[in-house]
Amino acid sequence: MDGSNAVGAIALAKSDDPDERALAAEFIQRLWDTEPPTGKYRYYEGMVYFLSMLHLSGYFTLDL
């Protein structure tokens, strides 16, 4: 969930409203503070986690 919220927060990151920028920073910080998933469903949760990290770092792109 933290990964999805952080990627969605990209839309708020360049807002003119300081409250929205603060909310975006909070969601992104939550993702950075999250440990990689472990346990039974680590594959699926891990894919969301790592794809979110790639997306936020700028390395998850579509080059046509």
# chains A, B, ... in the order shown; residues from 1 in each chain; ligands from 1
>>> select_by_dssp(residues="chain A", states="helix (DSSP H, G or I)", output="count of residues only")
43
>>> residues_around(residues="Ser52 (chain A)", least_positions_apart="6", cutoff="10 Å", atoms="only C-alpha atoms", output="list in words")
Asp2, Gly3, Ser4, Asn5, Ala6, Val7, Gly8, Ile28, Leu31, Gly46, Gly58 and Phe60 of chain A
>>> closest_residue(among="A:Met1, A:Phe27, A:Thr61, A:Lys40", to="Ala13 (chain A)", atoms="only C-alpha atoms")
A:Phe27
>>> atom_distance(atom1="CA of Ala24 (chain A)", atom2="CA of Pro37 (chain A)")
22.3 Å
>>> atom_distance(atom1="CA of Arg30 (chain A)", atom2="CA of Ser57 (chain A)")
14.5 Å
>>> residues_around(residues="Glu20 (chain A)", least_positions_apart="6", cutoff="10 Å", atoms="only C-alpha atoms", output="VMD selection string")
chain A and resid 9 11 to 14 26
>>> write_last_selection(atoms="N, CA, C and O atoms", output="CSV table (one decimal), in the first residue's frame")
chain,number,residue,atom,x,y,z
A,9,ALA,N,1.4,9.9,-5.1
A,9,ALA,CA,1.8,11.2,-4.6
A,9,ALA,C,2.6,12.0,-5.5
A,9,ALA,O,2.8,13.2,-5.3
A,11,ALA,N,1.8,13.1,-8.3
A,11,ALA,CA,0.9,14.1,-8.8
A,11,ALA,C,0.8,15.3,-7.9
A,11,ALA,O,0.5,16.4,-8.3
A,12,LEU,N,0.9,15.1,-6.6
A,12,LEU,CA,0.9,16.1,-5.6
A,12,LEU,C,2.2,16.9,-5.4
A,12,LEU,O,2.2,18.0,-4.9
A,13,ALA,N,3.3,16.3,-5.8
A,13,ALA,CA,4.6,16.8,-5.5
A,13,ALA,C,4.9,18.2,-6.1
A,13,ALA,O,5.6,18.9,-5.5
A,14,LYS,N,4.2,18.5,-7.2
A,14,LYS,CA,4.5,19.8,-7.9
A,14,LYS,C,3.3,20.7,-7.7
A,14,LYS,O,3.1,21.7,-8.5
A,26,GLU,N,5.2,13.0,2.8
A,26,GLU,CA,4.9,12.0,3.8
A,26,GLU,C,4.8,10.6,3.2
A,26,GLU,O,5.3,9.7,3.7
>>> atom_distance(atom1="CA of Leu62 (chain A)", atom2="CA of Tyr49 (chain A)")
18.7 Å
>>> decode(residues="chain A", atoms="C-alpha atoms", output="mmCIF file, in the first residue's frame")
data_model
loop_
_atom_site.group_PDB
_atom_site.id
_atom_site.type_symbol
_atom_site.label_atom_id
_atom_site.label_comp_id
_atom_site.auth_asym_id
_atom_site.auth_seq_id
_atom_site.Cartn_x
_atom_site.Cartn_y
_atom_site.Cartn_z
ATOM 1 C CA MET A 1 0.000 0.000 0.000
ATOM 2 C CA ASP A 2 2.847 2.387 0.766
ATOM 3 C CA GLY A 3 4.247 1.883 -2.725
ATOM 4 C CA SER A 4 0.954 2.673 -4.435
ATOM 5 C CA ASN A 5 0.417 5.752 -2.300
ATOM 6 C CA ALA A 6 3.931 7.042 -2.965
ATOM 7 C CA VAL A 7 3.599 6.672 -6.744
ATOM 8 C CA GLY A 8 0.228 8.421 -6.602
ATOM 9 C CA ALA A 9 1.810 11.196 -4.556
ATOM 10 C CA ILE A 10 3.922 12.193 -7.554
ATOM 11 C CA ALA A 11 0.875 14.092 -8.800
ATOM 12 C CA LEU A 12 0.858 16.135 -5.584
ATOM 13 C CA ALA A 13 4.605 16.789 -5.493
ATOM 14 C CA LYS A 14 4.463 19.774 -7.863
ATOM 15 C CA SER A 15 1.285 21.285 -6.469
ATOM 16 C CA ASP A 16 1.066 24.972 -5.579
ATOM 17 C CA ASP A 17 -0.524 24.043 -2.257
ATOM 18 C CA PRO A 18 2.117 23.476 0.468
ATOM 19 C CA ASP A 19 -0.211 21.082 2.314
ATOM 20 C CA GLU A 20 -0.412 18.827 -0.749
ATOM 21 C CA ARG A 21 3.376 18.895 -1.172
ATOM 22 C CA ALA A 22 3.761 17.968 2.506
ATOM 23 C CA LEU A 23 1.331 15.065 2.041
ATOM 24 C CA ALA A 24 3.316 13.874 -0.978
ATOM 25 C CA ALA A 25 6.551 14.039 1.018
ATOM 26 C CA GLU A 26 4.944 12.025 3.824
ATOM 27 C CA PHE A 27 3.805 9.249 1.459
ATOM 28 C CA ILE A 28 7.200 9.086 -0.228
ATOM 29 C CA GLN A 29 8.995 8.993 3.130
ATOM 30 C CA ARG A 30 6.773 6.111 4.235
ATOM 31 C CA LEU A 31 7.893 4.112 1.219
ATOM 32 C CA TRP A 32 11.584 4.841 1.869
ATOM 33 C CA ASP A 33 11.116 3.729 5.505
ATOM 34 C CA THR A 34 9.328 0.490 4.566
ATOM 35 C CA GLU A 35 11.316 -2.736 4.774
ATOM 36 C CA PRO A 36 11.191 -5.106 1.778
ATOM 37 C CA PRO A 37 8.387 -7.641 2.202
ATOM 38 C CA THR A 38 8.987 -11.101 3.626
ATOM 39 C CA GLY A 39 6.745 -14.075 4.230
ATOM 40 C CA LYS A 40 4.234 -16.027 2.211
ATOM 41 C CA TYR A 41 3.155 -13.266 -0.197
ATOM 42 C CA ARG A 42 6.548 -11.591 -0.528
ATOM 43 C CA TYR A 43 6.678 -12.065 -4.299
ATOM 44 C CA TYR A 44 3.540 -10.068 -5.078
ATOM 45 C CA GLU A 45 4.034 -7.454 -2.394
ATOM 46 C CA GLY A 46 7.711 -7.248 -3.308
ATOM 47 C CA MET A 47 6.886 -6.531 -6.947
ATOM 48 C CA VAL A 48 4.760 -3.538 -5.947
ATOM 49 C CA TYR A 49 7.475 -2.406 -3.540
ATOM 50 C CA PHE A 50 10.342 -2.620 -6.012
ATOM 51 C CA LEU A 51 8.406 -1.237 -8.988
ATOM 52 C CA SER A 52 7.341 1.700 -6.813
ATOM 53 C CA MET A 53 10.968 2.307 -5.849
ATOM 54 C CA LEU A 54 12.002 2.208 -9.502
ATOM 55 C CA HIS A 55 9.205 4.563 -10.466
ATOM 56 C CA LEU A 56 10.017 7.103 -7.764
ATOM 57 C CA SER A 57 13.741 6.994 -8.496
ATOM 58 C CA GLY A 58 13.124 7.833 -12.152
ATOM 59 C CA TYR A 59 14.527 4.560 -13.527
ATOM 60 C CA PHE A 60 11.175 3.012 -14.448
ATOM 61 C CA THR A 61 10.537 4.538 -17.857
ATOM 62 C CA LEU A 62 9.024 3.626 -21.183
ATOM 63 C CA ASP A 63 11.384 4.492 -23.992
ATOM 64 C CA LEU A 64 9.748 4.321 -27.395
#
